[in-house]
Amino acid sequence: MKTPISIEQFKAFVELKDYRPKTKKEYVRCLGKVSQHYGCDPADLAEDQVRRYFLFLRQDKKLSGSGMTIVKASLHCFFVQQLGKTDWKVFSELVIRRPETLPVVLSREEVAKVLGALKEERFRISLRLIYHCGLRVSEAVGIQVSDLKDQRLHVRNGKGGKDRYVPISPGMVQELRVWWKLHRHPKLLFPAPARTWRERSLPLSQVMGSATTHMSVSAVQNAFRLARAQSGIHPEATVHTMRHSYATHLLEEGVSLRLISQYLGHTSLDTTVIYTHLTATSEEKALQALEKLHSALPH
């Protein structure tokens with residue numbers, strides 16, 4: 001089926017929005033899926049057809065809460081914002097509740113174990129940085145040399161397109177400097193390695209020094225999966241687990257929740273509060289405090 005004109009128009013409409021490139025791509029993809037489902041131009045769909053499509057995704061496809069959220073946002077943008085279907089009730093009727101599950105967190109020993117299993121330097125250093133600064137993997141691979149500022153790291157274009165600064169220890173800065181000297185790329189801290197057979201015959205430092213893009217997110221994720229299997233840590237741990245572990249370990253060291261929230265780039269402190277449920281140290285301190293208060297009571 002030829003791409004309907006309304007999808008092309010929606011693509012242009014989404015480009016006017018201040019969304020991240022990945023979000024724009026997902027919005028257009030979601031609209032294309034509903035068009036394929038009904039085999040027609042999505043602009044011709046009635047409200048009840050959209051309602052039945054949501055039911056199909058939830059009941060038949062068993063789409064996750066996060067998946068339903070992006071589809072709902074995409075179709076709301078198309079039908080309500082672009083086509084002006086402001087009287088449609090389907091978007092307020094669709095309620096999406098995400099399960100309140102606690103994220104996986106590694107102990108400090110497990111973090112050391114998985115990082116120790118990484119043999120390739122670019123993965124070892126990038127994952128050490130992710131844990132050290134609580135970065136998302138996409139933020140880490142895009143770090144530029146100029147982002148290192150004394151004992152602060154400038155994290156550019158994080159989630160929601162926001163910049164932030166996070167503290168970084170002199171020891172970690174030194175590790176990054178030693179790593180950079182291996183490729184000396186004028187801009188990127190983690191440039192992409194060889195891609196063609198011709199490039200693979202050249203010294204790694206030469207290829208990375210002239211790279212036009214940074215190392216891929218998937219490469220770091222694959223390296224972590226291999227290290228996780230080799231180290232025998234929690235089988236559900238991911239690269240993002242290093243970020244959760246960073247927050248939990250900082251909290252155990254007495255760093256305030258508000259500061260941790262800023263370092264993680266959370267828009268709300270409520271998002272960060274979850275880490276108070278993940279630290280055994282905090283619970284132990286609470287028990288000690290309760291015992292102290294109890295002993296002070298008259299008997």
# chains A, B, ... in the order shown; residues from 1 in each chain; ligands from 1

$ residues_around --residues "Phe91 (chain A)" --least-positions-apart "3" --cutoff "8 Å" --atoms "only C-alpha atoms" --output "NGL selection string"
:A and (72 or 76 or 88 or 94)

$ residues_around --residues "region 105-119 of chain A" --least-positions-apart "2" --cutoff "10 Å" --atoms "only C-alpha atoms" --output "number ranges by chain"
A: 102-103, 121-125, 127-128, 131, 223-234, 236-238, 240-249, 275, 278-279

$ write_last_selection --atoms "C-alpha atoms" --output "mmCIF file, in the first residue's frame"
data_model
loop_
_atom_site.group_PDB
_atom_site.id
_atom_site.type_symbol
_atom_site.label_atom_id
_atom_site.label_comp_id
_atom_site.auth_asym_id
_atom_site.auth_seq_id
_atom_site.Cartn_x
_atom_site.Cartn_y
_atom_site.Cartn_z
ATOM 1 C CA LEU A 102 11.566 -1.990 41.690
ATOM 2 C CA PRO A 103 14.559 -1.851 39.344
ATOM 3 C CA GLU A 121 39.122 -0.827 26.659
ATOM 4 C CA ARG A 122 36.421 1.286 24.998
ATOM 5 C CA PHE A 123 33.680 -0.744 26.683
ATOM 6 C CA ARG A 124 35.467 -0.963 30.010
ATOM 7 C CA ILE A 125 35.982 2.812 30.212
ATOM 8 C CA LEU A 127 30.764 1.479 31.396
ATOM 9 C CA ARG A 128 32.958 2.647 34.254
ATOM 10 C CA TYR A 131 28.412 3.834 36.724
ATOM 11 C CA ALA A 223 29.416 -5.829 25.598
ATOM 12 C CA PHE A 224 27.579 -5.550 28.912
ATOM 13 C CA ARG A 225 25.470 -8.634 28.181
ATOM 14 C CA LEU A 226 28.594 -10.686 27.485
ATOM 15 C CA ALA A 227 30.292 -9.404 30.651
ATOM 16 C CA ARG A 228 27.148 -10.095 32.674
ATOM 17 C CA ALA A 229 27.076 -13.714 31.473
ATOM 18 C CA GLN A 230 30.778 -14.158 32.190
ATOM 19 C CA SER A 231 30.648 -12.579 35.658
ATOM 20 C CA GLY A 232 27.516 -14.451 36.767
ATOM 21 C CA ILE A 233 25.735 -11.394 38.206
ATOM 22 C CA HIS A 234 21.954 -10.851 38.174
ATOM 23 C CA GLU A 236 18.217 -9.293 34.387
ATOM 24 C CA ALA A 237 20.848 -6.576 34.831
ATOM 25 C CA THR A 238 21.282 -4.175 31.926
ATOM 26 C CA HIS A 240 20.755 0.956 32.830
ATOM 27 C CA THR A 241 21.207 -1.089 36.005
ATOM 28 C CA MET A 242 24.541 0.694 36.432
ATOM 29 C CA ARG A 243 22.627 3.982 36.679
ATOM 30 C CA HIS A 244 20.278 2.541 39.301
ATOM 31 C CA SER A 245 23.274 1.177 41.218
ATOM 32 C CA TYR A 246 24.995 4.588 41.100
ATOM 33 C CA ALA A 247 21.956 6.285 42.667
ATOM 34 C CA THR A 248 21.531 3.618 45.345
ATOM 35 C CA HIS A 249 25.204 3.610 46.305
ATOM 36 C CA TYR A 275 15.971 4.402 45.498
ATOM 37 C CA LEU A 278 16.644 -0.269 47.344
ATOM 38 C CA THR A 279 19.322 0.476 49.890
#

$ closest_residue --among "A:Lys2, A:Arg29, A:Gln82, A:Pro167" --to "Leu16 (chain A)" --atoms "only C-alpha atoms"
A:Gln82

$ closest_residue --among "A:Gly158, A:Gly142, A:Pro235, A:Pro170" --to "Pro191 (chain A)" --atoms "only C-alpha atoms"
A:Gly142

$ select_by_dssp --residues "region 24-175 of chain A" --states "strand (DSSP E)" --output "count of residues only"
10
